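Pasted below: coords36.csv, CSV, C-alpha atoms.
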chain,number,residue,atom,x,y,z
S,1,MET,CA,-7.9,10.6,11.8
S,2,PRO,CA,-6.6,7.3,10.4
S,3,SER,CA,-9.0,5.0,8.7
S,4,LYS,CA,-10.0,1.7,10.2
S,5,LYS,CA,-8.1,-0.2,7.5
S,6,PHE,CA,-4.9,1.7,8.4
S,7,ILE,CA,-5.2,0.9,12.0
S,8,GLU,CA,-5.9,-2.7,11.2
S,9,LEU,CA,-2.8,-2.9,8.9
S,10,GLN,CA,-0.6,-1.7,11.8
S,11,GLU,CA,-1.4,-4.9,13.7
S,12,PHE,CA,-0.4,-7.2,10.8
S,13,THR,CA,3.0,-8.9,10.8
S,14,ASP,CA,5.3,-8.4,7.8
S,15,GLU,CA,4.4,-11.7,6.3
S,16,GLU,CA,0.7,-11.0,6.6
S,17,LEU,CA,1.2,-7.6,5.0
S,18,LYS,CA,2.9,-9.2,2.0
S,19,ASN,CA,0.1,-11.8,1.7
S,20,GLU,CA,-2.6,-9.0,2.0
S,21,LEU,CA,-0.8,-7.0,-0.7
S,22,THR,CA,-0.7,-9.9,-3.2
S,23,GLU,CA,-4.4,-10.7,-2.5
S,24,THR,CA,-5.5,-7.1,-2.9
S,25,GLN,CA,-3.5,-6.6,-6.1
S,26,SER,CA,-5.0,-9.7,-7.6
S,27,GLN,CA,-8.5,-8.5,-6.5
S,28,TYR,CA,-7.8,-5.2,-8.2
S,29,GLN,CA,-6.7,-6.8,-11.4
S,30,LYS,CA,-9.8,-9.0,-11.5
S,31,LEU,CA,-12.0,-5.9,-10.9
S,32,GLN,CA,-10.3,-4.1,-13.7
S,33,PHE,CA,-10.8,-7.0,-16.1
S,34,ASP,CA,-14.5,-7.4,-15.1
S,35,HIS,CA,-15.0,-3.6,-15.5
S,36,ALA,CA,-13.5,-3.7,-19.0
S,37,LEU,CA,-15.6,-6.6,-20.1
S,38,ARG,CA,-19.0,-6.0,-18.7
S,39,GLY,CA,-18.8,-3.1,-16.3
S,40,LEU,CA,-19.2,-3.2,-12.6
S,41,GLU,CA,-22.3,-2.6,-10.6
S,42,ASN,CA,-20.3,-0.2,-8.4
S,43,PRO,CA,-17.2,1.2,-10.2
S,44,LEU,CA,-16.1,3.0,-7.1
S,45,ALA,CA,-15.0,-0.4,-5.8
S,46,LEU,CA,-11.9,0.0,-8.1
S,47,ARG,CA,-11.0,3.2,-6.2
S,48,GLU,CA,-11.4,1.5,-2.8
S,49,VAL,CA,-9.2,-1.4,-3.7
S,50,ARG,CA,-6.6,0.8,-5.3
S,51,ARG,CA,-6.5,2.8,-2.1
S,52,ASP,CA,-6.2,-0.3,0.0
S,53,VAL,CA,-3.1,-1.3,-2.1
S,54,ALA,CA,-1.6,2.1,-1.4
S,55,ARG,CA,-2.3,1.8,2.3
S,56,ILE,CA,-0.6,-1.5,2.4
S,57,LYS,CA,2.4,-0.2,0.5
S,58,THR,CA,2.6,2.8,2.8
S,59,GLU,CA,2.6,0.6,5.9
S,60,GLU,CA,5.4,-1.5,4.4
S,61,ARG,CA,7.5,1.6,3.6
S,62,ARG,CA,6.8,3.0,7.1
S,63,ARG,CA,8.2,-0.2,8.7
S,64,GLU,CA,11.2,-0.1,6.3
S,65,VAL,CA,12.0,3.5,7.3
S,66,ILE,CA,11.7,2.7,11.0
S,67,ALA,CA,14.2,-0.2,10.5
S,68,PHE,CA,16.8,2.1,9.0
S,69,THR,CA,20.0,2.7,10.8
S,70,SER,CA,21.2,6.3,11.4
S,71,GLU,CA,23.6,6.0,8.5
S,72,ASP,CA,20.8,4.9,6.2
S,73,LEU,CA,18.7,7.9,7.3
S,74,MET,CA,21.5,10.3,6.6
S,75,ASN,CA,21.9,8.9,3.1
S,76,ARG,CA,18.2,9.1,2.6
S,77,SER,CA,18.2,12.8,3.6
S,78,LYS,CA,21.0,13.5,1.1
S,79,LYS,CA,19.0,11.9,-1.7
S,80,ARG,CA,16.0,13.9,-0.7
S,81,ALA,CA,18.1,17.1,-0.6
S,82,ARG,CA,19.4,16.5,-4.2
S,83,ARG,CA,15.9,16.2,-5.5
S,84,LYS,CA,15.1,19.7,-4.4
Would you mind writing the structure in this file as structure tokens?
Amino acid sequence: MPSKKFIELQEFTDEELKNELTETQSQYQKLQFDHALRGLENPLALREVRRDVARIKTEERRREVIAFTSEDLMNRSKKRARRK
């Protein structure tokens, strides 16, 4: 079952996703800095923000793969086959 955040991200436009990613990454950096200096009241907030960054990047990549042409998909499969 997808999380609410994932469903919410699917409704964003590409530009909104990029903006959300930069905002979330800067928020994560601030949390890391604050945690290193004085500690956080809830250190699990770092995990949540890090996972939000991953969700946003995953949605961007999903859209990128959907936009691939059939030739791009074939090349992608070749690269994946070489890795095995």
Protein and nucleic acid residues near (-5.9, -2.9, -4.1) (cut-off 6 Å, only C-alpha atoms) as a ChimeraX atom specification
/S:24-25,28,49-50,52-53
Those selected residues, please, written with C-alpha atoms and delivered as a compact mmCIF listing (two decimals), keeping the file's coordinate frame.
# COMPACT_ATOMS: atom_id res chain seq x y z
CA THR S 24 -5.50 -7.10 -2.90
CA GLN S 25 -3.50 -6.60 -6.10
CA TYR S 28 -7.80 -5.20 -8.20
CA VAL S 49 -9.20 -1.40 -3.70
CA ARG S 50 -6.60 0.80 -5.30
CA ASP S 52 -6.20 -0.30 0.00
CA VAL S 53 -3.10 -1.30 -2.10
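Using all atoms listed in the file, the nearest neighbour of Lys5 (chain S) within the list S:Ile56, S:Lys78, S:Ala36, S:Asn19 is S:Ile56.
For the pair CA of Ser70 (chain S) and CA of Thr13 (chain S), the separation is 23.7 Å.
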Hey, can you check how far CA of Lys18 (chain S) sits from CA of Gln32 (chain S)?
21.1 Å
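Take the candidates S:Glu71, S:Glu59, S:Glu64, S:Glu48 and check each one against Leu21 (chain S) using all atoms listed in the file; the shortest distance goes to S:Glu59.
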